[in-house]
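See below for structure08.csv, which holds CSV, C-alpha atoms.
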chain,number,residue,atom,x,y,z
A,125,MET,CA,44.6,138.3,112.7
A,126,ARG,CA,43.5,134.8,111.4
A,127,PRO,CA,40.4,134.7,109.3
A,128,SER,CA,37.6,132.5,110.7
A,129,ILE,CA,34.9,130.7,108.9
A,130,ARG,CA,31.6,129.8,110.5
A,131,ILE,CA,29.3,127.3,108.9
A,132,GLU,CA,25.7,127.4,109.9
A,133,GLY,CA,23.0,124.8,109.3
A,134,THR,CA,25.3,121.8,109.6
A,135,ASP,CA,23.0,120.3,112.3
A,136,ALA,CA,20.2,120.3,109.8
A,137,ILE,CA,22.4,118.6,107.1
A,138,VAL,CA,23.4,115.9,109.6
A,139,ARG,CA,19.8,115.3,110.6
A,140,ASN,CA,18.7,115.1,106.9
A,141,LEU,CA,21.5,112.7,106.1
A,142,ARG,CA,20.6,110.5,109.0
A,143,ALA,CA,16.9,110.5,107.9
A,144,MET,CA,18.0,109.5,104.4
A,145,GLY,CA,19.9,106.6,105.8
A,146,LYS,CA,16.8,105.5,107.7
A,147,ALA,CA,14.7,105.8,104.6
A,148,LEU,CA,17.1,103.7,102.6
A,149,PRO,CA,17.9,100.6,104.8
A,150,ALA,CA,19.4,97.5,103.2
A,151,ASP,CA,16.0,95.9,102.8
A,152,VAL,CA,14.9,98.8,100.6
A,153,LEU,CA,18.2,99.3,98.7
A,154,VAL,CA,19.1,95.7,97.9
A,155,PRO,CA,16.0,94.9,95.9
A,156,ILE,CA,16.3,98.2,94.0
A,157,ILE,CA,20.0,97.7,93.2
A,158,SER,CA,19.4,94.0,92.3
A,159,GLU,CA,16.6,94.8,89.9
A,160,GLU,CA,18.7,97.5,88.2
A,161,LEU,CA,21.7,95.1,87.9
A,162,GLU,CA,19.6,92.3,86.3
A,163,PRO,CA,19.9,93.8,82.7
A,164,MET,CA,23.7,93.8,83.1
A,165,ALA,CA,23.6,90.2,84.3
A,166,ASP,CA,21.4,89.2,81.4
A,167,ASP,CA,23.9,90.8,79.0
A,168,MET,CA,26.7,88.9,80.6
A,169,ARG,CA,24.7,85.6,80.2
A,170,ALA,CA,24.0,86.4,76.6
A,171,HIS,CA,27.6,87.0,75.8
A,172,ALA,CA,29.3,84.3,77.9
A,173,ALA,CA,30.9,81.4,76.2
A,174,ARG,CA,28.5,78.4,75.6
A,175,ALA,CA,30.7,75.3,75.6
A,176,SER,CA,28.6,73.7,78.4
A,177,GLY,CA,26.5,76.6,79.5
A,178,GLN,CA,27.9,76.4,83.0
A,179,LEU,CA,29.6,79.9,82.7
A,180,ALA,CA,26.4,81.7,81.6
A,181,ASP,CA,24.3,79.8,84.2
A,182,SER,CA,26.7,80.9,86.9
A,183,VAL,CA,26.0,84.6,86.4
A,184,THR,CA,23.9,85.9,89.2
A,185,VAL,CA,22.9,89.1,91.0
A,186,GLY,CA,23.1,89.1,94.8
A,187,THR,CA,24.8,90.2,98.0
A,188,GLN,CA,26.8,87.1,98.6
A,189,LEU,CA,30.2,86.1,97.1
A,190,SER,CA,31.9,82.8,97.2
A,191,PRO,CA,34.5,82.5,99.9
A,192,ALA,CA,37.3,83.0,97.4
A,193,GLN,CA,35.7,86.0,95.9
A,194,ALA,CA,34.9,87.5,99.3
A,195,ALA,CA,38.5,87.1,100.4
A,196,ALA,CA,39.6,89.2,97.4
A,197,VAL,CA,37.2,92.0,97.9
A,198,VAL,CA,37.5,94.9,100.4
A,199,PRO,CA,34.0,96.1,101.2
A,200,ILE,CA,33.5,99.8,100.4
A,201,ALA,CA,29.9,100.3,101.5
A,202,GLU,CA,27.3,99.1,104.0
A,203,VAL,CA,25.2,97.7,101.2
A,204,GLU,CA,26.9,95.9,98.3
A,205,VAL,CA,25.2,94.0,95.5
A,206,TYR,CA,27.2,92.1,93.0
A,207,ALA,CA,26.6,91.0,89.4
A,208,GLY,CA,28.8,88.5,87.7
A,209,PRO,CA,29.8,84.9,87.2
A,210,GLY,CA,30.3,82.4,90.0
A,211,PRO,CA,33.8,81.4,91.1
A,212,LEU,CA,34.6,79.5,87.9
A,213,PRO,CA,38.2,79.4,86.6
A,214,GLN,CA,36.9,79.7,83.0
A,215,ALA,CA,35.3,83.1,83.8
A,216,ILE,CA,38.8,84.6,84.3
A,217,GLN,CA,40.1,82.7,81.2
A,218,GLU,CA,37.3,83.9,79.0
A,219,GLU,CA,37.4,87.5,80.2
A,220,PHE,CA,41.2,88.0,80.1
A,221,GLY,CA,42.5,85.1,77.9
A,222,ASN,CA,45.7,83.2,78.5
A,223,PHE,CA,48.6,81.9,76.4
A,224,ARG,CA,46.3,79.3,74.8
A,225,GLN,CA,43.3,81.4,74.1
A,226,ASP,CA,42.5,85.0,73.2
A,227,ALA,CA,40.3,87.0,75.6
A,228,ARG,CA,36.6,86.9,74.9
A,229,PRO,CA,35.4,89.5,77.4
A,230,PHE,CA,31.8,89.3,78.4
A,231,ILE,CA,31.8,91.0,81.8
A,232,ARG,CA,33.4,94.4,81.1
A,233,PRO,CA,31.4,95.1,77.9
A,234,SER,CA,28.2,94.3,79.8
A,235,PHE,CA,29.3,96.5,82.7
A,236,ASP,CA,30.2,99.4,80.3
A,237,GLY,CA,27.0,99.1,78.4
A,238,ASN,CA,24.7,99.0,81.4
A,239,VAL,CA,26.3,100.8,84.3
A,240,ASP,CA,25.2,104.4,83.5
A,241,LYS,CA,21.5,103.4,83.2
A,242,ALA,CA,21.7,101.2,86.4
A,243,VAL,CA,23.3,104.0,88.4
A,244,LYS,CA,20.7,106.6,87.2
A,245,ASN,CA,17.8,104.3,87.9
A,246,VAL,CA,19.1,103.3,91.4
A,247,ALA,CA,19.5,107.0,92.2
A,248,THR,CA,16.0,107.9,90.9
A,249,ARG,CA,14.4,105.0,92.7
A,250,GLY,CA,16.4,105.8,95.9
A,251,VAL,CA,15.1,109.4,95.8
A,252,ASP,CA,11.6,108.1,95.3
A,253,ALA,CA,12.0,105.8,98.3
A,254,ILE,CA,13.2,108.7,100.4
A,255,LEU,CA,10.3,110.9,99.3
A,256,ALA,CA,7.8,108.1,100.0
A,257,ALA,CA,9.3,107.6,103.5
A,258,GLY,CA,8.9,111.4,104.1
A,259,GLU,CA,5.3,111.2,103.2
A,260,GLY,CA,4.6,108.2,105.4
Translate the structure described by the file into structure tokens.
Amino acid sequence: MRPSIRIEGTDAIVRNLRAMGKALPADVLVPIISEELEPMADDMRAHAARASGQLADSVTVGTQLSPAQAAAVVPIAEVEVYAGPGPLPQAIQEEFGNFRQDARPFIRPSFDGNVDKAVKNVATRGVDAILAAGEG
């Protein structure tokens, strides 16, 4: 005799997940994520090389990538927000270095120093948005 497992309540779980998705559409999530990524972008700007200021000025937070950046990225979610420099060759050279210059990372240290707080804040604000949608 083969054992069988019966899971009850899955319909309720599916309904709740669908409701959460409706409570957190892109027009709600993108501003939350963007605001929480801004400190990371500020840190990148502060630590970017300043030869001309072009590199620091290119750091943005948004949902759009340059065509070259978009071609190199495989989307993993319905809502994606990016923080980082524009498509400047010097961004790669600064971050990783080359045979003429040592690496002077400004992206990864900013990410490492800010990601935990950003994720926690996005989660908290997302839950708040879900609860607010349930009250409305």
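Distances here use all atoms listed in the file; by that measure, the residue among A:Met168, A:Ala195, A:Ala227, A:Val239 closest to Ser182 of chain A is A:Met168.
Summary of the local environment: counting only C-alpha atoms, residues at most 12 Å from Arg174 of chain A, other than itself and those fewer than 4 positions away along its chain, are A:Met168, A:Arg169, A:Ala170, A:Gln178, A:Leu179, A:Ala180, A:Asp181, A:Ser182, A:Gln214, A:Ala215, A:Glu218, A:Arg228, A:Phe230.
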Next item on the list: Kindly indicate which residue among A:Ala257, A:Gly208, A:Pro199, A:Gly250 lies nearest to Glu162 of chain A, using all atoms listed in the file for the distances.
Entry: A:Gly208
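The space between atom CA of Pro163 of chain A and atom CA of Ser176 of chain A spans 22.3 Å.
Using all atoms listed in the file, the nearest neighbour of Gly177 of chain A within the list A:Pro149, A:Pro155, A:Pro209, A:Pro229 is A:Pro209.
Atom to atom, atom CA of Pro233 of chain A and atom CA of Ala192 of chain A stand 23.7 Å apart.
Nearest to Ala165 of chain A of all the residues A:Val197, A:Val205, A:Leu189, A:Val152 is A:Val205, counting all atoms listed in the file.
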